[in-house]
Amino acid sequence: MNRSRRNWNEVNAASLARWIVLTGFLALTGLCYVYLTLQLDHLGDRKKALETEVTNLRMQNEVASAQIAALTSRAALQRRLKEGYLKMIPIAEHNIVRLTIPNRNPDDAIQPVSNPRSAR
Amino acid sequence: MKWNSRTRCAIVCLGFILLFSLFSFRLIYLQMIKHDEYAGLAAEKHVIKQPIFAERGAILDANNEVLAHNVPVETVVADASRLTELDATIDLVSNELQLPRGEVSEKLRSDRRYIVLKREVAKANADSLRQKLRAKNLRGVYFEQDATRIYPNGIMLCHVIGFTDFEHKGIQGVEGSLDEYLRGQDGYRYIEHNRVGQEIVQYRGQERAPRNGYQVHLTVDLNLQNIVENEIDAAMREYSPKKATIILMRPQTGEILAMANRPAFDLNRRSNAKPEQMKNRAICDMMEPGSTFKIVTAAAALNEHKFSLDSYIFCENGMWNYGGTPLHDHAAFGDLSVKDILVKSSNIGAAKLAVTLGDQKFYEYIRRFGFGDRTGVELPGEIPGLIRSPQSWSKISITHIPMGHEIGVTPLQMATAMCAIANGGKLMTPRIVKSITTSDGKTISTLKPIALRQVISPQTANQIGMALRGVVSDRGTAAAAAVPGFVIAGKTGTAQKVGPHGGYEKGKEVVSFCGYLPAENPQFVGLVVLDDAQTKPEQNYGGAVAGPIFSHVAEKAARYLDLEPHEEIRKAIPVERVALTSSSRH
């Protein structure tokens, strides 16, 4: 027992533990750095993909707006009218009802919305 | 020499220390001393300033109807140094983009790193090509986002809207004159890319967002424009003139409600258009106005109190020798009142008014009415017309200018002058732009009406207006310009056409009619000009050709604007009326 104890190198458990912790910490830090870098890269890719998607949606929206504008333009409606898709009947003069605007005194030009009596 | 283990260990450690010191020194040398140089080289290779293109603003009419806007397209480009399979790429690109194989082959076999294969490729076609390239693993062909300008109404209002070139720079019409507002401001982003050209998003640098172009709202009402376009087309079919112009303006504000010219072109097929079709004749063409110019002569004479509306002038029974040159009327008139000079359109009467006024005074009034100056409308290429100063007039100029000869005016100047008569004597700056807004509707600028000057007194304007009502009557020269239910004031004009080499061309006339409606409370001024209308010589007059066109336009415009027909005439038409009495309001 004494002989074996003499031949062995003595291990400083506290020091070893310190080194293990330090190494572990450094390894963990390194792994975290790698993980976060990869995560950043992954998020970058996702961001790019989302940007592309948004751009595509915006483009589709613009294409659709352009088609709506083209189909509802005066020229297109005129063409449809000529082709017979649409039919318009002019309003005859006897079908027009005109409302006569009642004459007002200049004093009545501004009409208050509140009832002055209620203020009494 | 025998080294013990400790020494050997020390030597190995020293070796390692030296080696790692060397590495450290090299690292410090590269990272600190040479940092800027290598960082610059790396940036040059991998960092690029990527532009973020601003969207060009739309052009809208007075009712927010779209006149010009953008459609996303893509530009297909190639980098010859990165092409992997040349023949397969050539075949695919030429098939998908419908380009001649030879052309694509020539382009791709060059050593250039930036080759534009095709611009304005529709998104669907670009997507299809992109997928096929990916499926066949072909590299070196790229797609750039772009936009093209679309004009949904094609030919309608083409001269006013104008168009852009392939770099999206406005070069004609409102596209050109308001390019600064429509264009917007491009943004940018510094990006880093990897070996295969893909962006490394986490290394994005400085970024500036683009500012999209502003929207321009015109004063033009597309409903009125449609009326004008239909009528000008009908006139082209009926009279086949070389050129034609119709303008509608609001006299109180100078707003242009409609403006059409022929020949015209389709804005979406502008590459096929001839230069002659692209000219906005309302502002770029000079014409002798003929008798419509008599409004200026009569207004000047009345405003200077040289005559009253009922003053009589002897019109020499149809022929007057002045300065050794005979001046003719179209009929032998004796004594005519100033009013009747306009109603009957007497050249001799107008000449005598100007002679009484004197060269200088008459010239002053011509300029006050805006002739000889650009009107300032927001359209490019406007000409000022041609008005000579009295010093360069011949002896007979004072008798020819009053009837609209020896001067050059633009149709827009003539319409603006008539606006001054209609609105009580104020010369308004014609306006085509109503407001400028952002794409989300926030107003950047609203253009207010600009009254340049009081040309004549409101009384004089009223007197001229009274006389012009007689023109559109069975006594006047433009009975055909009448619109049932409305009192119209207007003036006809017929001028011999000036040839390209000077002198007048026989049998070729420029006929016009300029008037407003309703005469008592003008809502719009209209001008119709036809150059070299093909009709019988005895019918080639402003009243017979341009008058009826004005009548058609005015009738439809009055209906659209819901102008109430005149009471006396309306009585003859059974129209149901509902009077809002005070009791009905409760």
# chains A, B, ... in the order shown; residues from 1 in each chain; ligands from 1

$ residues_around --residues "Gly254 in chain B" --least-positions-apart "2" --cutoff "10 Å" --atoms "only C-alpha atoms" --output "list in words"
Thr219, Leu248, Met249, Arg250, Pro251, Gln252, Ile256, Leu257, Val377, Ala415, Thr416, Cys419, Ala420, Asn423, Lys426, Leu427, Met428, Thr429, Pro430, Arg431, Ile432, Lys448, Pro449, Ile450, Ala451, Phe524 and Val525 of chain B

$ interface_residues --of "chain A" --to "chain B" --cutoff "12 Å" --atoms "only C-alpha atoms" --output "VMD selection string"
chain A and resid 36 to 52 55 to 79 90 to 104

$ atom_distance --atom1 "CA of Leu97 in chain B" --atom2 "CA of Arg82 in chain B"
19.9 Å

$ residues_around --residues "Thr75 in chain B" --least-positions-apart "3" --cutoff "8 Å" --atoms "only C-alpha atoms" --output "JSON, numbers by chain"
{"B": [116, 117, 118, 119, 120, 121, 143, 144, 145, 146]}

$ select_by_dssp --residues "range 35-93 of chain A" --states "helix (DSSP H, G or I)" --output "number ranges by chain"
A: 35-72, 74-83, 93

$ closest_residue --among "B:Tyr322, B:Tyr365, B:Phe486, B:Phe371" --to "Asn303 in chain B" --atoms "only C-alpha atoms"
B:Tyr365

$ atom_distance --atom1 "CA of Tyr181 in chain B" --atom2 "CA of Ala264 in chain B"
25.9 Å

$ residues_around --residues "Ala88 in chain B" --least-positions-apart "6" --cutoff "12 Å" --atoms "only C-alpha atoms" --output "list in words"
Ser94, Asn95, Arg101, Val104, Ser105, Leu108, Lys132, Leu133, Lys136, Asn137, Leu138, Arg139, Gly140 and Val141 of chain B

$ atom_distance --atom1 "CA of Asn64 in chain B" --atom2 "CA of His217 in chain B"
7.1 Å

$ residues_around --residues "Glu175 in chain B" --least-positions-apart "5" --cutoff "8 Å" --atoms "only C-alpha atoms" --output "JSON, numbers by chain"
{"B": [161, 162, 163, 164, 169, 170, 182]}

$ decode --residues "range 4-41 of chain B" --atoms "N, CA and C atoms" --output "mmCIF file, in the first residue's frame"
data_model
loop_
_atom_site.group_PDB
_atom_site.id
_atom_site.type_symbol
_atom_site.label_atom_id
_atom_site.label_comp_id
_atom_site.auth_asym_id
_atom_site.auth_seq_id
_atom_site.Cartn_x
_atom_site.Cartn_y
_atom_site.Cartn_z
ATOM 1 N N ASN B 4 19.196 15.215 -20.997
ATOM 2 C CA ASN B 4 18.238 14.519 -20.141
ATOM 3 C C ASN B 4 16.813 14.887 -20.553
ATOM 4 N N SER B 5 15.911 14.193 -19.972
ATOM 5 C CA SER B 5 14.500 14.359 -20.381
ATOM 6 C C SER B 5 14.002 15.782 -20.173
ATOM 7 N N ARG B 6 14.424 16.428 -19.120
ATOM 8 C CA ARG B 6 13.989 17.801 -18.837
ATOM 9 C C ARG B 6 14.443 18.757 -19.948
ATOM 10 N N THR B 7 15.698 18.578 -20.400
ATOM 11 C CA THR B 7 16.233 19.454 -21.450
ATOM 12 C C THR B 7 15.480 19.245 -22.761
ATOM 13 N N ARG B 8 15.278 17.914 -23.046
ATOM 14 C CA ARG B 8 14.552 17.613 -24.292
ATOM 15 C C ARG B 8 13.155 18.232 -24.278
ATOM 16 N N CYS B 9 12.586 18.107 -23.125
ATOM 17 C CA CYS B 9 11.232 18.674 -22.983
ATOM 18 C C CYS B 9 11.253 20.195 -23.173
ATOM 19 N N ALA B 10 12.309 20.810 -22.618
ATOM 20 C CA ALA B 10 12.425 22.275 -22.716
ATOM 21 C C ALA B 10 12.623 22.696 -24.174
ATOM 22 N N ILE B 11 13.422 21.863 -24.922
ATOM 23 C CA ILE B 11 13.680 22.193 -26.339
ATOM 24 C C ILE B 11 12.392 22.094 -27.161
ATOM 25 N N VAL B 12 11.650 21.015 -26.900
ATOM 26 C CA VAL B 12 10.379 20.837 -27.642
ATOM 27 C C VAL B 12 9.431 22.005 -27.341
ATOM 28 N N CYS B 13 9.376 22.336 -26.037
ATOM 29 C CA CYS B 13 8.484 23.461 -25.653
ATOM 30 C C CYS B 13 8.924 24.754 -26.323
ATOM 31 N N LEU B 14 10.257 24.951 -26.367
ATOM 32 C CA LEU B 14 10.787 26.166 -27.003
ATOM 33 C C LEU B 14 10.416 26.203 -28.485
ATOM 34 N N GLY B 15 10.537 24.988 -29.067
ATOM 35 C CA GLY B 15 10.149 24.888 -30.484
ATOM 36 C C GLY B 15 8.696 25.284 -30.701
ATOM 37 N N PHE B 16 7.859 24.738 -29.822
ATOM 38 C CA PHE B 16 6.429 25.087 -29.932
ATOM 39 C C PHE B 16 6.203 26.585 -29.703
ATOM 40 N N ILE B 17 6.928 27.088 -28.684
ATOM 41 C CA ILE B 17 6.767 28.521 -28.375
ATOM 42 C C ILE B 17 7.176 29.362 -29.577
ATOM 43 N N LEU B 18 8.297 28.974 -30.202
ATOM 44 C CA LEU B 18 8.771 29.730 -31.374
ATOM 45 C C LEU B 18 7.763 29.643 -32.521
ATOM 46 N N LEU B 19 7.289 28.389 -32.718
ATOM 47 C CA LEU B 19 6.326 28.177 -33.816
ATOM 48 C C LEU B 19 5.051 29.005 -33.603
ATOM 49 N N PHE B 20 4.528 28.894 -32.381
ATOM 50 C CA PHE B 20 3.274 29.632 -32.138
ATOM 51 C C PHE B 20 3.498 31.145 -32.068
ATOM 52 N N SER B 21 4.721 31.525 -31.639
ATOM 53 C CA SER B 21 5.038 32.962 -31.650
ATOM 54 C C SER B 21 5.051 33.465 -33.086
ATOM 55 N N LEU B 22 5.596 32.607 -33.929
ATOM 56 C CA LEU B 22 5.640 32.968 -35.365
ATOM 57 C C LEU B 22 4.213 33.148 -35.908
ATOM 58 N N PHE B 23 3.383 32.157 -35.552
ATOM 59 C CA PHE B 23 1.976 32.254 -35.976
ATOM 60 C C PHE B 23 1.341 33.523 -35.407
ATOM 61 N N SER B 24 1.635 33.772 -34.124
ATOM 62 C CA SER B 24 1.028 34.944 -33.473
ATOM 63 C C SER B 24 1.484 36.225 -34.151
ATOM 64 N N PHE B 25 2.807 36.278 -34.446
ATOM 65 C CA PHE B 25 3.305 37.493 -35.114
ATOM 66 C C PHE B 25 2.652 37.673 -36.486
ATOM 67 N N ARG B 26 2.514 36.540 -37.152
ATOM 68 C CA ARG B 26 1.877 36.602 -38.492
ATOM 69 C C ARG B 26 0.417 37.057 -38.358
ATOM 70 N N LEU B 27 -0.212 36.508 -37.319
ATOM 71 C CA LEU B 27 -1.622 36.864 -37.087
ATOM 72 C C LEU B 27 -1.749 38.353 -36.777
ATOM 73 N N ILE B 28 -0.840 38.836 -35.913
ATOM 74 C CA ILE B 28 -0.879 40.268 -35.558
ATOM 75 C C ILE B 28 -0.579 41.111 -36.806
ATOM 76 N N TYR B 29 0.370 40.622 -37.597
ATOM 77 C CA TYR B 29 0.739 41.357 -38.810
ATOM 78 C C TYR B 29 -0.460 41.453 -39.765
ATOM 79 N N LEU B 30 -1.145 40.314 -39.931
ATOM 80 C CA LEU B 30 -2.282 40.313 -40.875
ATOM 81 C C LEU B 30 -3.498 41.043 -40.297
ATOM 82 N N GLN B 31 -3.768 40.784 -39.025
ATOM 83 C CA GLN B 31 -5.008 41.311 -38.438
ATOM 84 C C GLN B 31 -4.906 42.781 -38.031
ATOM 85 N N MET B 32 -3.700 43.231 -37.696
ATOM 86 C CA MET B 32 -3.604 44.612 -37.211
ATOM 87 C C MET B 32 -2.862 45.527 -38.184
ATOM 88 N N ILE B 33 -1.672 45.087 -38.580
ATOM 89 C CA ILE B 33 -0.886 45.988 -39.447
ATOM 90 C C ILE B 33 -1.494 46.051 -40.842
ATOM 91 N N LYS B 34 -1.851 44.869 -41.371
ATOM 92 C CA LYS B 34 -2.372 44.841 -42.746
ATOM 93 C C LYS B 34 -3.907 44.805 -42.768
ATOM 94 N N HIS B 35 -4.532 45.088 -41.631
ATOM 95 C CA HIS B 35 -5.992 44.920 -41.534
ATOM 96 C C HIS B 35 -6.751 45.706 -42.591
ATOM 97 N N ASP B 36 -6.432 47.000 -42.664
ATOM 98 C CA ASP B 36 -7.198 47.872 -43.574
ATOM 99 C C ASP B 36 -7.059 47.427 -45.026
ATOM 100 N N GLU B 37 -5.838 47.064 -45.369
ATOM 101 C CA GLU B 37 -5.588 46.680 -46.763
ATOM 102 C C GLU B 37 -6.374 45.421 -47.149
ATOM 103 N N TYR B 38 -6.264 44.400 -46.265
ATOM 104 C CA TYR B 38 -6.940 43.141 -46.600
ATOM 105 C C TYR B 38 -8.466 43.244 -46.423
ATOM 106 N N ALA B 39 -8.865 44.042 -45.453
ATOM 107 C CA ALA B 39 -10.318 44.243 -45.278
ATOM 108 C C ALA B 39 -10.894 44.930 -46.524
ATOM 109 N N GLY B 40 -10.120 45.881 -47.062
ATOM 110 C CA GLY B 40 -10.542 46.573 -48.290
ATOM 111 C C GLY B 40 -10.652 45.618 -49.450
ATOM 112 N N LEU B 41 -9.612 44.751 -49.567
ATOM 113 C CA LEU B 41 -9.613 43.773 -50.672
ATOM 114 C C LEU B 41 -10.786 42.812 -50.549
#
